[in-house]
file coords_7.csv (CSV, C-alpha atoms and all ligand atoms)
chain,number,residue,atom,x,y,z
X,1,MET,CA,356.0,192.9,-13.2
X,2,ILE,CA,354.2,196.2,-12.6
X,3,HIS,CA,351.7,196.3,-9.8
X,4,PRO,CA,349.5,199.3,-10.3
X,5,LYS,CA,347.6,198.6,-7.0
X,6,HIS,CA,349.0,201.5,-5.1
X,7,SER,CA,345.7,202.6,-3.6
X,8,TYR,CA,347.0,201.5,-0.2
X,9,PHE,CA,349.6,204.4,-0.2
X,10,PRO,CA,348.5,207.5,1.7
X,11,GLN,CA,346.7,210.0,-0.6
X,12,LEU,CA,348.8,212.7,-2.2
X,13,LYS,CA,348.1,216.1,-0.6
X,14,ASN,CA,350.4,218.3,-2.7
X,15,ASP,CA,350.5,217.4,-6.4
X,16,THR,CA,351.9,220.8,-7.6
X,17,PHE,CA,355.1,219.2,-8.8
X,18,LEU,CA,353.2,216.6,-10.9
X,19,ARG,CA,350.9,219.2,-12.4
X,20,ALA,CA,353.9,221.5,-13.3
X,21,ALA,CA,355.6,218.5,-15.0
X,22,ARG,CA,352.6,218.1,-17.2
X,23,GLY,CA,352.3,221.8,-17.9
X,24,GLU,CA,349.0,222.1,-16.0
X,25,GLU,CA,347.7,224.9,-13.9
X,26,ILE,CA,349.3,225.5,-10.5
X,27,GLU,CA,348.9,227.9,-7.6
X,28,HIS,CA,352.6,228.3,-7.0
X,29,VAL,CA,355.8,227.1,-8.8
X,30,PRO,CA,356.9,223.8,-7.2
X,31,VAL,CA,360.5,223.6,-6.0
X,32,TRP,CA,363.0,220.9,-4.9
X,33,CYS,CA,366.7,220.7,-4.9
X,34,MET,CA,369.1,218.1,-6.4
X,35,ARG,CA,371.0,216.6,-3.4
X,36,GLN,CA,368.5,218.0,-1.0
X,37,ALA,CA,369.3,215.1,1.2
X,38,GLY,CA,373.0,215.7,1.8
X,39,ARG,CA,375.9,216.7,4.0
X,40,TYR,CA,374.8,220.4,4.3
X,41,LEU,CA,372.3,219.1,6.9
X,42,PRO,CA,373.7,218.4,10.4
X,43,GLU,CA,371.1,215.6,10.9
X,44,PHE,CA,372.3,214.0,7.6
X,45,ARG,CA,375.9,214.0,8.8
X,46,GLU,CA,374.8,212.6,12.1
X,47,SER,CA,372.8,209.7,10.5
X,48,ARG,CA,375.6,208.9,8.1
X,49,ALA,CA,378.5,209.2,10.7
X,50,GLY,CA,380.8,206.2,10.8
X,51,LYS,CA,378.7,204.3,8.2
X,52,ASP,CA,379.7,203.0,4.8
X,53,PHE,CA,378.0,205.0,2.0
X,54,PHE,CA,376.7,202.0,0.0
X,55,GLU,CA,375.7,200.1,3.1
X,56,THR,CA,373.5,203.1,3.9
X,57,CYS,CA,372.1,202.9,0.4
X,58,GLN,CA,371.3,199.2,1.0
X,59,SER,CA,369.2,200.0,4.2
X,60,PRO,CA,365.6,200.9,3.3
X,61,GLU,CA,365.1,202.5,6.8
X,62,ALA,CA,368.3,204.7,6.4
X,63,CYS,CA,367.3,205.7,2.9
X,64,CYS,CA,363.8,206.6,4.1
X,65,GLU,CA,365.0,208.7,7.0
X,66,LEU,CA,367.6,210.6,4.8
X,67,THR,CA,364.9,211.2,2.2
X,68,LEU,CA,362.5,212.7,4.8
X,69,GLN,CA,365.1,214.9,6.6
X,70,PRO,CA,365.0,217.8,4.2
X,71,LEU,CA,361.1,217.7,4.2
X,72,ARG,CA,361.0,218.3,7.9
X,73,ARG,CA,362.9,221.6,7.5
X,74,PHE,CA,361.7,223.0,4.2
X,75,PRO,CA,358.3,223.1,2.3
X,76,PHE,CA,359.8,221.3,-0.8
X,77,ASP,CA,357.2,220.2,-3.3
X,78,ALA,CA,358.9,216.9,-4.1
X,79,ALA,CA,361.3,214.4,-2.5
X,80,ILE,CA,363.9,212.3,-4.2
X,81,ILE,CA,364.8,208.9,-2.9
X,82,PHE,CA,368.2,208.7,-1.2
X,83,SER,CA,370.3,206.4,-3.2
X,84,ASP,CA,373.1,206.7,-5.8
X,85,ILE,CA,373.5,206.2,-9.6
X,86,LEU,CA,376.4,203.8,-9.0
X,87,VAL,CA,374.1,201.0,-7.6
X,88,VAL,CA,373.5,200.0,-11.2
X,89,PRO,CA,377.2,199.2,-12.1
X,90,GLN,CA,377.2,197.3,-8.7
X,91,ALA,CA,374.1,195.3,-9.8
X,92,MET,CA,376.0,194.4,-13.0
X,93,GLY,CA,378.8,192.9,-10.9
X,94,MET,CA,381.3,195.7,-10.5
X,95,ASP,CA,382.8,196.6,-7.1
X,96,VAL,CA,382.3,200.3,-6.2
X,97,GLN,CA,383.4,201.9,-3.0
X,98,MET,CA,382.8,205.4,-1.6
X,99,VAL,CA,386.3,206.6,-0.5
X,100,ALA,CA,386.3,209.6,1.9
X,101,GLY,CA,387.9,212.6,0.4
X,102,LYS,CA,388.0,211.0,-3.0
X,103,GLY,CA,384.5,210.0,-4.0
X,104,PRO,CA,383.2,206.9,-5.8
X,105,THR,CA,386.0,204.5,-6.7
X,106,PHE,CA,386.0,201.3,-8.8
X,107,PRO,CA,389.0,199.2,-7.8
X,108,GLU,CA,388.8,197.3,-11.1
X,109,PRO,CA,387.4,199.6,-13.8
X,110,LEU,CA,386.8,198.4,-17.4
X,111,LYS,CA,390.0,198.8,-19.4
X,112,GLU,CA,389.4,197.0,-22.7
X,113,PRO,CA,386.4,195.7,-24.5
X,114,GLU,CA,387.2,192.1,-23.3
X,115,ASP,CA,386.3,193.4,-19.8
X,116,LEU,CA,382.7,193.6,-20.8
X,117,GLN,CA,382.6,189.8,-20.3
X,118,ARG,CA,382.9,190.5,-16.6
X,119,LEU,CA,379.5,192.2,-16.6
X,120,GLN,CA,376.2,190.6,-15.8
X,121,VAL,CA,374.2,191.1,-18.9
X,122,LYS,CA,370.8,189.9,-17.7
X,123,VAL,CA,370.3,191.6,-14.3
X,124,ASP,CA,367.6,190.4,-12.0
X,125,THR,CA,366.7,193.9,-10.8
X,126,ALA,CA,364.3,192.6,-8.1
X,127,LYS,CA,367.1,190.6,-6.6
X,128,GLU,CA,370.1,192.9,-7.1
X,129,LEU,CA,368.3,196.3,-6.6
X,130,GLY,CA,365.4,195.1,-4.5
X,131,TYR,CA,366.7,197.2,-1.6
X,132,VAL,CA,366.1,200.4,-3.6
X,133,PHE,CA,362.5,199.2,-4.3
X,134,ARG,CA,362.0,198.5,-0.7
X,135,ALA,CA,363.3,201.9,0.3
X,136,ILE,CA,360.9,203.6,-2.2
X,137,THR,CA,357.9,201.6,-0.9
X,138,LEU,CA,358.7,202.4,2.8
X,139,THR,CA,359.3,206.0,2.0
X,140,ARG,CA,356.0,206.3,0.1
X,141,HIS,CA,354.3,205.2,3.3
X,142,LYS,CA,356.3,207.3,5.7
X,143,ILE,CA,356.0,210.5,3.5
X,144,GLU,CA,352.3,210.3,4.2
X,145,GLY,CA,351.3,211.9,0.9
X,146,LYS,CA,352.9,215.1,1.8
X,147,VAL,CA,354.7,215.4,-1.6
X,148,PRO,CA,355.4,213.1,-4.6
X,149,LEU,CA,358.5,210.8,-4.4
X,150,ILE,CA,360.9,210.9,-7.3
X,151,GLY,CA,362.9,207.8,-8.4
X,152,PHE,CA,366.0,208.1,-10.5
X,153,SER,CA,368.8,206.4,-12.4
X,154,GLY,CA,372.1,207.5,-14.0
X,155,ALA,CA,372.0,207.6,-17.8
X,156,PRO,CA,374.0,205.0,-19.8
X,157,TRP,CA,376.9,207.3,-20.9
X,158,THR,CA,377.4,208.7,-17.4
X,159,LEU,CA,377.5,205.2,-15.9
X,160,MET,CA,379.8,204.0,-18.7
X,161,SER,CA,382.2,206.8,-18.0
X,162,TYR,CA,382.4,205.9,-14.3
X,163,MET,CA,382.8,202.2,-15.1
X,164,ILE,CA,385.8,203.0,-17.4
X,165,GLU,CA,387.4,205.9,-15.5
X,166,GLY,CA,387.0,204.1,-12.2
X,167,GLY,CA,386.0,207.3,-10.5
X,168,GLY,CA,385.7,211.1,-11.0
X,169,SER,CA,387.9,212.6,-13.7
X,170,ASN,CA,388.7,216.0,-15.2
X,171,THR,CA,389.2,214.9,-18.8
X,172,HIS,CA,387.2,211.6,-18.9
X,173,SER,CA,389.9,210.6,-21.5
X,174,LYS,CA,389.8,206.9,-20.7
X,175,ALA,CA,386.1,206.7,-21.3
X,176,LYS,CA,386.2,208.9,-24.3
X,177,ARG,CA,389.0,206.8,-25.8
X,178,TRP,CA,386.5,204.0,-26.0
X,179,LEU,CA,384.1,206.1,-28.0
X,180,TYR,CA,386.9,206.8,-30.6
X,181,GLN,CA,388.8,203.5,-30.5
X,182,HIS,CA,386.1,201.0,-29.7
X,183,PRO,CA,382.8,202.5,-30.9
X,184,GLU,CA,381.1,199.1,-31.3
X,185,ALA,CA,382.1,197.9,-27.8
X,186,SER,CA,380.9,201.3,-26.5
X,187,HIS,CA,377.5,200.8,-28.1
X,188,MET,CA,377.4,197.3,-26.7
X,189,LEU,CA,378.0,198.6,-23.2
X,190,LEU,CA,375.5,201.5,-23.6
X,191,LYS,CA,372.9,199.0,-24.8
X,192,MET,CA,373.5,196.7,-21.8
X,193,LEU,CA,373.2,199.6,-19.4
X,194,THR,CA,370.0,200.8,-21.1
X,195,ASP,CA,368.4,197.4,-20.7
X,196,VAL,CA,369.1,197.3,-17.0
X,197,ILE,CA,368.1,201.0,-16.5
X,198,VAL,CA,364.7,200.4,-18.1
X,199,GLU,CA,364.0,197.5,-15.8
X,200,TYR,CA,365.3,199.4,-12.8
X,201,LEU,CA,363.1,202.5,-13.5
X,202,LEU,CA,360.0,200.3,-14.0
X,203,GLY,CA,360.8,198.5,-10.8
X,204,GLN,CA,360.9,201.9,-9.0
X,205,VAL,CA,357.5,202.9,-10.3
X,206,ALA,CA,356.1,199.5,-9.3
X,207,ALA,CA,357.5,200.2,-5.8
X,208,GLY,CA,355.9,203.6,-5.6
X,209,ALA,CA,358.0,206.2,-7.4
X,210,GLN,CA,355.7,209.0,-8.7
X,211,ALA,CA,358.2,210.6,-11.2
X,212,LEU,CA,361.5,209.6,-12.6
X,213,GLN,CA,364.7,211.6,-13.3
X,214,VAL,CA,367.5,210.4,-15.5
X,215,PHE,CA,370.9,211.9,-14.7
X,216,GLU,CA,373.2,212.4,-17.7
X,217,SER,CA,375.7,214.2,-15.5
X,218,HIS,CA,378.6,213.8,-17.9
X,219,ALA,CA,376.9,215.0,-21.0
X,220,GLY,CA,379.1,218.1,-21.0
X,221,ILE,CA,382.3,216.3,-21.8
X,222,LEU,CA,380.9,215.1,-25.1
X,223,GLY,CA,380.6,217.3,-28.1
X,224,PRO,CA,377.3,217.6,-30.0
X,225,ALA,CA,378.2,214.8,-32.5
X,226,GLU,CA,379.3,212.4,-29.8
X,227,PHE,CA,376.3,213.3,-27.7
X,228,LYS,CA,374.0,212.5,-30.7
X,229,GLU,CA,375.7,209.2,-31.2
X,230,PHE,CA,376.4,207.9,-27.7
X,231,SER,CA,374.0,209.6,-25.4
X,232,LEU,CA,370.8,210.8,-27.0
X,233,PRO,CA,369.6,207.6,-28.6
X,234,TYR,CA,369.8,205.8,-25.3
X,235,LEU,CA,368.1,208.6,-23.4
X,236,ARG,CA,365.3,208.4,-25.9
X,237,ASP,CA,365.1,204.6,-25.8
X,238,ILE,CA,364.8,204.6,-22.0
X,239,ALA,CA,361.9,207.0,-21.9
X,240,ARG,CA,360.1,205.3,-24.8
X,241,ARG,CA,360.4,201.8,-23.4
X,242,VAL,CA,359.5,202.9,-19.8
X,243,LYS,CA,356.5,204.8,-21.1
X,244,ASP,CA,355.3,202.0,-23.3
X,245,LYS,CA,355.5,199.5,-20.5
X,246,LEU,CA,353.7,201.8,-18.1
X,247,LYS,CA,351.0,202.6,-20.6
X,248,GLU,CA,350.2,198.8,-20.9
X,249,ALA,CA,349.6,198.9,-17.1
X,250,GLY,CA,347.5,202.1,-17.4
X,251,GLN,CA,350.1,204.1,-15.6
X,252,ASP,CA,351.6,207.5,-16.5
X,253,VAL,CA,354.6,208.8,-14.6
X,254,PRO,CA,356.3,212.1,-15.6
X,255,MET,CA,360.0,211.7,-16.6
X,256,ILE,CA,362.7,214.3,-16.3
X,257,VAL,CA,366.0,214.3,-18.3
X,258,PHE,CA,368.9,216.2,-16.7
X,259,ALA,CA,371.8,216.3,-19.2
X,260,LYS,CA,374.3,218.6,-17.5
X,261,ASP,CA,376.1,221.1,-19.7
X,262,ALA,CA,374.3,219.7,-22.8
X,263,HIS,CA,373.1,223.2,-23.9
X,264,TYR,CA,374.1,222.3,-27.5
X,265,ALA,CA,371.4,219.6,-27.5
X,266,LEU,CA,368.5,221.5,-25.9
X,267,GLU,CA,366.3,221.2,-29.0
X,268,GLU,CA,366.9,217.4,-29.2
X,269,LEU,CA,366.4,216.9,-25.5
X,270,SER,CA,363.0,218.7,-25.7
X,271,GLN,CA,362.0,216.1,-28.3
X,272,SER,CA,363.2,213.0,-26.6
X,273,ASN,CA,360.0,211.6,-24.9
X,274,TYR,CA,360.6,213.3,-21.5
X,275,GLU,CA,357.9,215.6,-20.1
X,276,VAL,CA,360.6,217.7,-18.3
X,277,VAL,CA,364.0,218.9,-19.3
X,278,GLY,CA,366.3,219.8,-16.4
X,279,LEU,CA,368.8,222.6,-17.0
X,280,ASP,CA,372.1,223.5,-15.5
X,281,TRP,CA,372.9,227.2,-14.7
X,282,THR,CA,374.8,227.9,-18.0
X,283,ILE,CA,371.5,228.2,-19.9
X,284,ASP,CA,369.5,231.5,-19.9
X,285,PRO,CA,365.9,230.8,-18.9
X,286,LEU,CA,364.3,232.8,-21.6
X,287,SER,CA,366.4,231.3,-24.4
X,288,ALA,CA,365.7,227.8,-23.0
X,289,ARG,CA,362.0,228.5,-23.4
X,290,GLU,CA,362.4,229.8,-26.9
X,291,ARG,CA,364.6,226.8,-27.9
X,292,THR,CA,362.2,224.2,-26.5
X,293,GLY,CA,359.2,225.9,-28.0
X,294,GLY,CA,356.7,225.1,-25.2
X,295,LYS,CA,357.0,221.4,-26.0
X,296,VAL,CA,358.2,220.4,-22.5
X,297,SER,CA,358.3,221.7,-19.0
X,298,LEU,CA,361.6,223.0,-17.7
X,299,GLN,CA,363.4,222.4,-14.4
X,300,GLY,CA,366.2,224.3,-12.9
X,301,ASN,CA,368.5,226.2,-12.9
X,302,MET,CA,369.9,228.6,-10.3
X,303,ASP,CA,373.6,228.4,-9.9
X,304,PRO,CA,374.0,226.4,-6.6
X,305,CYS,CA,376.7,228.9,-5.6
X,306,ALA,CA,374.1,231.6,-5.6
X,307,LEU,CA,373.2,230.0,-2.2
X,308,TYR,CA,376.3,231.6,-0.8
X,309,ALA,CA,374.7,235.0,-1.4
X,310,PRO,CA,372.8,236.9,1.3
X,311,LYS,CA,369.1,236.0,1.5
X,312,GLU,CA,367.8,239.2,-0.1
X,313,ARG,CA,370.1,238.6,-3.1
X,314,ILE,CA,368.9,235.0,-3.4
X,315,SER,CA,365.3,236.4,-3.5
X,316,ASP,CA,366.2,238.8,-6.4
X,317,ILE,CA,368.0,236.0,-8.3
X,318,VAL,CA,364.9,233.7,-7.9
X,319,LYS,CA,362.6,236.5,-9.1
X,320,LYS,CA,364.6,237.0,-12.3
X,321,MET,CA,364.7,233.3,-12.8
X,322,LEU,CA,360.9,233.0,-12.5
X,323,GLU,CA,360.4,235.9,-14.9
X,324,GLY,CA,362.6,234.2,-17.4
X,325,PHE,CA,361.0,230.8,-17.2
X,326,GLY,CA,357.4,232.0,-16.5
X,327,THR,CA,355.3,230.2,-14.0
X,328,ARG,CA,353.6,227.6,-16.3
X,329,GLY,CA,355.4,224.3,-17.1
X,330,TYR,CA,358.2,225.1,-14.7
X,331,ILE,CA,359.8,223.4,-11.7
X,332,ALA,CA,362.3,225.5,-9.8
X,333,ASN,CA,365.5,223.7,-8.8
X,334,LEU,CA,369.2,224.4,-8.7
X,335,GLY,CA,371.4,223.9,-11.8
X,336,HIS,CA,373.1,221.0,-10.0
X,337,GLY,CA,373.3,219.6,-6.4
X,338,VAL,CA,373.6,221.4,-3.1
X,339,TYR,CA,377.2,221.5,-1.9
X,340,PRO,CA,378.1,220.2,1.6
X,341,ASP,CA,379.3,223.7,2.9
X,342,MET,CA,376.0,225.5,2.1
X,343,THR,CA,373.9,226.8,4.9
X,344,PRO,CA,370.5,225.2,5.4
X,345,GLU,CA,369.0,228.6,6.1
X,346,ASN,CA,369.8,229.8,2.6
X,347,ILE,CA,368.1,226.7,1.1
X,348,GLY,CA,365.1,227.7,3.1
X,349,ALA,CA,365.3,231.3,1.6
X,350,PHE,CA,365.5,229.8,-1.9
X,351,VAL,CA,362.4,227.7,-1.4
X,352,GLU,CA,360.5,230.6,0.2
X,353,ALA,CA,361.5,233.0,-2.6
X,354,VAL,CA,360.2,230.6,-5.3
X,355,HIS,CA,356.9,230.1,-3.5
X,356,GLN,CA,356.4,233.8,-2.6
X,357,HIS,CA,357.3,235.4,-6.0
X,358,SER,CA,355.5,232.8,-8.0
X,359,LYS,CA,352.3,233.2,-6.0
X,360,GLN,CA,352.4,236.9,-6.7
X,361,MET,CA,353.1,236.4,-10.4
X,362,ILE,CA,350.2,234.0,-10.7
X,363,LYS,CA,347.8,236.3,-8.9
X,364,GLN,CA,348.5,239.2,-11.3
Y,401,LIG,O1,369.1,214.2,-2.6
Y,401,LIG,C1,369.4,213.7,-3.7
Y,401,LIG,O2,369.6,214.3,-4.7
Y,401,LIG,C2,369.2,212.2,-3.7
Y,401,LIG,C3,370.3,211.4,-3.6
Y,401,LIG,C4,371.4,211.3,-4.6
Y,401,LIG,C5,372.7,211.0,-4.2
Y,401,LIG,N1,373.4,210.7,-5.4
Y,401,LIG,C6,373.1,210.8,-2.9
Y,401,LIG,C7,374.6,211.1,-2.6
Y,401,LIG,C8,371.4,211.3,-6.0
Y,401,LIG,C9,370.2,211.7,-7.0
Y,401,LIG,C10,372.7,211.0,-6.5
Y,401,LIG,C11,373.0,210.8,-7.9
Y,401,LIG,C12,374.5,210.8,-8.3
Y,401,LIG,N2,375.5,210.2,-7.7
Y,401,LIG,C13,375.0,211.5,-9.4
Y,401,LIG,C14,374.1,212.2,-10.4
Y,401,LIG,C15,373.8,213.6,-10.0
Y,401,LIG,C16,375.0,214.5,-10.1
Y,401,LIG,O3,375.5,214.9,-9.0
Y,401,LIG,O4,375.4,214.8,-11.2
Y,401,LIG,C17,376.3,211.2,-9.5
Y,401,LIG,C18,377.3,211.7,-10.5
Y,401,LIG,C19,376.7,210.4,-8.4
Y,401,LIG,C20,378.0,209.8,-8.0
Y,401,LIG,C21,378.4,210.3,-6.7
Y,401,LIG,N3,377.9,209.8,-5.5
Y,401,LIG,C22,379.3,211.3,-6.4
Y,401,LIG,C23,380.1,212.1,-7.5
Y,401,LIG,C24,379.3,211.5,-5.0
Y,401,LIG,C25,380.1,212.6,-4.2
Y,401,LIG,C26,381.3,212.1,-3.6
Y,401,LIG,C27,381.9,213.1,-2.6
Y,401,LIG,O5,382.8,212.7,-1.9
Y,401,LIG,O6,381.5,214.2,-2.6
Y,401,LIG,C28,378.4,210.6,-4.5
Y,401,LIG,C29,378.1,210.4,-3.0
Y,401,LIG,C30,376.8,210.9,-2.6
Y,401,LIG,N4,375.6,210.5,-3.2
Y,401,LIG,C31,376.5,211.7,-1.5
Y,401,LIG,C32,375.1,211.8,-1.5
Y,401,LIG,C33,374.3,212.6,-0.5
Y,401,LIG,C34,377.5,212.3,-0.6
Y,401,LIG,C35,378.3,211.3,0.2
Y,401,LIG,C36,377.8,210.9,1.6
Y,401,LIG,O7,376.6,211.0,1.9
Y,401,LIG,O8,378.6,210.4,2.3

call {"tool": "encode", "arguments": {"input": "coords_7.csv", "output": "structure tokens"}}
result
Amino acid sequence: MIHPKHSYFPQLKNDTFLRAARGEEIEHVPVWCMRQAGRYLPEFRESRAGKDFFETCQSPEACCELTLQPLRRFPFDAAIIFSDILVVPQAMGMDVQMVAGKGPTFPEPLKEPEDLQRLQVKVDTAKELGYVFRAITLTRHKIEGKVPLIGFSGAPWTLMSYMIEGGGSNTHSKAKRWLYQHPEASHMLLKMLTDVIVEYLLGQVAAGAQALQVFESHAGILGPAEFKEFSLPYLRDIARRVKDKLKEAGQDVPMIVFAKDAHYALEELSQSNYEVVGLDWTIDPLSARERTGGKVSLQGNMDPCALYAPKERISDIVKKMLEGFGTRGYIANLGHGVYPDMTPENIGAFVEAVHQHSKQMIKQ
């Protein structure tokens, strides 16, 4: 199912992000932001106005436009396809709606293990998620080789928690109840999700994605033991299976794992088959380097709220962050997504500070 014939895509002009992911030499530290396509941009709000969120996700033209918007303003070194992690539960047969002021909502979440029967086990990703693949292919053309395009998926535990909670939650106690009361059904669900995610990520690469990020956004609500049992094995399995399949086709695409608030598992994450480990802002850069022992590249991790600071202060914070991580095997990013009330100008200041300081550090 993989079509490695991508020679018809425009040639990549800036591969700094891909080189940093592989720990190779670079002229400046590459930078992008999680949620760089988002409501903090007036043009994003205008494009999205009056339109349903998931309908927008289903329009390749809309996804392409929203992905390109931040690149017109800032010299980011990568783009991430506009989509959402919850398209996977939708493809498995669940109804998900984006409710204004409330966020993603599942009208009929999974309540008991019997509810797993409602799910589509064997998902035809080309049919159910073909709109994402078409968005990626269109964007690869329209981006004109400016920067690499990142594809992504939610990780099994994060998707499972949404499917059981039915939306956002503070305690995630409904989903965690499954782990303690129904461990076997939990593993069954995580395995089902893993199978779909592997196919989904491979489909994204076939469509033109040049890197992949797996979001385990709800890692932090698990303790170390639960993470080791219910998250890590599936994260590892995803990377292993995607890489094995790509290798058969002579392809090699860097993979990033972002397990938010999983500082307790940093050593394990650095040995989980991903080239890059994404970090939230609760981890000190220098200790992250020590704990991962140069085995992986690191991505992150400025507190998004630092973007509320004046520009000079942002520049100082970025400089310290770069000194902590060093310039090799490092991709600058925020520790989580940009918030809707942030000023575009300060995102610009963040990007510029990364480029300027890192160029100076590399020259020395
Ligand atoms: O620019 C990018 O980062 C690419 C696009 C992207 C979106 N969602 C677009 C989006 C990505 C990578 C995601 C992933 C995603 N979606 C995650 C994992 C990353 C993370 O934040 O931890 C999660 C947990 C979701 C689920 C989700 N989707 C939430 C919690 C929300 C916010 C709801 C709200 O009301 O604030 C969304 C909606 C969403 N996804 C928006 C965007 C730009 C904002 C809503 C809109 O555009 O109307």

call {"tool": "residues_around", "arguments": {"input": "coords_7.csv", "residues": "Tyr330 (chain X)", "least_positions_apart": "4", "cutoff": "6 Å", "atoms": "only C-alpha atoms", "output": "VMD selection string"}}
result
chain X and resid 20 297 to 299

call {"tool": "closest_atom_pairs", "arguments": {"input": "coords_7.csv", "of": "chain X", "to": "ligand LIG 401 (chain Y)", "cutoff": "8 Å", "atoms": "only C-alpha atoms and all ligand atoms", "output": "CSV"}}
result
residue,atom,partner,partner_atom,distance
X:Cys33,CA,Y:LIG401,O2,7.0
X:Met34,CA,Y:LIG401,O2,4.2
X:Arg35,CA,Y:LIG401,O2,3.0
X:Gln36,CA,Y:LIG401,O1,4.2
X:Ala37,CA,Y:LIG401,O1,3.9
X:Gly38,CA,Y:LIG401,C33,4.1
X:Arg39,CA,Y:LIG401,O7,6.1
X:Phe44,CA,Y:LIG401,O7,7.7
X:Arg45,CA,Y:LIG401,O7,7.6
X:Arg48,CA,Y:LIG401,O7,6.6
X:Asp52,CA,Y:LIG401,O8,7.9
X:Phe53,CA,Y:LIG401,O8,5.4
X:Thr67,CA,Y:LIG401,O1,7.0
X:Ala79,CA,Y:LIG401,O1,7.8
X:Ile80,CA,Y:LIG401,C2,5.3
X:Ile81,CA,Y:LIG401,C2,5.6
X:Phe82,CA,Y:LIG401,C3,4.2
X:Ser83,CA,Y:LIG401,C3,5.0
X:Asp84,CA,Y:LIG401,N1,4.0
X:Ile85,CA,Y:LIG401,N2,4.9
X:Leu86,CA,Y:LIG401,C20,6.3
X:Met98,CA,Y:LIG401,C29,7.0
X:Val99,CA,Y:LIG401,O5,7.2
X:Ala100,CA,Y:LIG401,O5,6.0
X:Gly101,CA,Y:LIG401,O5,5.6
X:Lys102,CA,Y:LIG401,O5,5.6
X:Gly103,CA,Y:LIG401,O5,3.8
X:Pro104,CA,Y:LIG401,C22,5.9
X:Phe152,CA,Y:LIG401,C9,6.5
X:Ser153,CA,Y:LIG401,C11,7.6
X:Gly154,CA,Y:LIG401,C14,6.2
X:Thr158,CA,Y:LIG401,C18,7.5
X:Gly168,CA,Y:LIG401,C23,6.7
X:Phe215,CA,Y:LIG401,C14,5.4
X:Glu216,CA,Y:LIG401,O4,7.3
X:Ser217,CA,Y:LIG401,O4,4.4
X:His218,CA,Y:LIG401,O4,7.5
X:Lys260,CA,Y:LIG401,O4,7.4
X:His336,CA,Y:LIG401,O3,6.6
X:Gly337,CA,Y:LIG401,O3,5.8

call {"tool": "closest_residue", "arguments": {"input": "coords_7.csv", "among": "X:Glu345, X:Glu43, X:Glu323, X:Asp77", "to": "Gly145 (chain X)", "atoms": "all atoms listed in the file"}}
result
X:Asp77

call {"tool": "residues_near_point", "arguments": {"input": "coords_7.csv", "point": "(380.7, 216.6, -26.7)", "cutoff": "12 Å", "atoms": "all atoms listed in the file", "output": "list of chain:residue names"}}
result
X:Trp157, X:Thr171, X:His172, X:Lys176, X:Leu179, X:His218, X:Ala219, X:Gly220, X:Ile221, X:Leu222, X:Gly223, X:Pro224, X:Ala225, X:Glu226, X:Phe227, X:Lys228, X:Glu229, X:Phe230, X:Ser231, X:Leu232, X:Ala259, X:Lys260, X:Asp261, X:Ala262, X:His263, X:Tyr264, X:Ala265

call {"tool": "atom_distance", "arguments": {"input": "coords_7.csv", "atom1": "CA of Ile150 (chain X)", "atom2": "CA of Glu27 (chain X)"}}
result
20.8 Å

call {"tool": "atom_distance", "arguments": {"input": "coords_7.csv", "atom1": "CA of Trp32 (chain X)", "atom2": "CA of Ala332 (chain X)"}}
result
6.8 Å

call {"tool": "atom_distance", "arguments": {"input": "coords_7.csv", "atom1": "CA of His182 (chain X)", "atom2": "CA of Val87 (chain X)"}}
result
25.1 Å

call {"tool": "closest_residue", "arguments": {"input": "coords_7.csv", "among": "X:Glu128, X:Glu165, X:Glu24, X:Glu290", "to": "Gly329 (chain X)", "atoms": "only C-alpha atoms"}}
result
X:Glu24

call {"tool": "closest_residue", "arguments": {"input": "coords_7.csv", "among": "X:Met160, X:Val196, X:Leu190, X:Leu138", "to": "Thr125 (chain X)", "atoms": "only C-alpha atoms"}}
result
X:Val196

call {"tool": "closest_residue", "arguments": {"input": "coords_7.csv", "among": "X:Asp341, X:Asp303, X:Glu61, X:Arg328", "to": "Lys359 (chain X)", "atoms": "all atoms listed in the file"}}
result
X:Arg328

call {"tool": "closest_residue", "arguments": {"input": "coords_7.csv", "among": "X:Ile317, X:Val29, X:Leu12, X:Ala21", "to": "Gln360 (chain X)", "atoms": "only C-alpha atoms"}}
result
X:Val29

call {"tool": "decode", "arguments": {"input": "coords_7.csv", "residues": "region 142-146 of chain X", "atoms": "N, CA, C and O atoms", "output": "tab-separated table (two decimals), in the first residue's frame"}}
result
chain	number	residue	atom	x	y	z
X	142	LYS	N	1.30	22.13	-2.45
X	142	LYS	CA	1.13	23.57	-2.26
X	142	LYS	C	2.22	24.20	-1.39
X	142	LYS	O	2.46	25.40	-1.44
X	143	ILE	N	2.88	23.38	-0.58
X	143	ILE	CA	3.92	23.90	0.30
X	143	ILE	C	5.21	24.19	-0.49
X	143	ILE	O	6.10	24.88	-0.03
X	144	GLU	N	5.24	23.64	-1.71
X	144	GLU	CA	6.32	23.90	-2.67
X	144	GLU	C	7.72	23.63	-2.13
X	144	GLU	O	8.67	24.35	-2.46
X	145	GLY	N	7.83	22.62	-1.28
X	145	GLY	CA	9.15	22.23	-0.78
X	145	GLY	C	9.79	23.20	0.21
X	145	GLY	O	10.96	23.08	0.55
X	146	LYS	N	8.99	24.16	0.66
X	146	LYS	CA	9.51	25.17	1.60
X	146	LYS	C	10.06	24.51	2.87
X	146	LYS	O	11.19	24.78	3.27
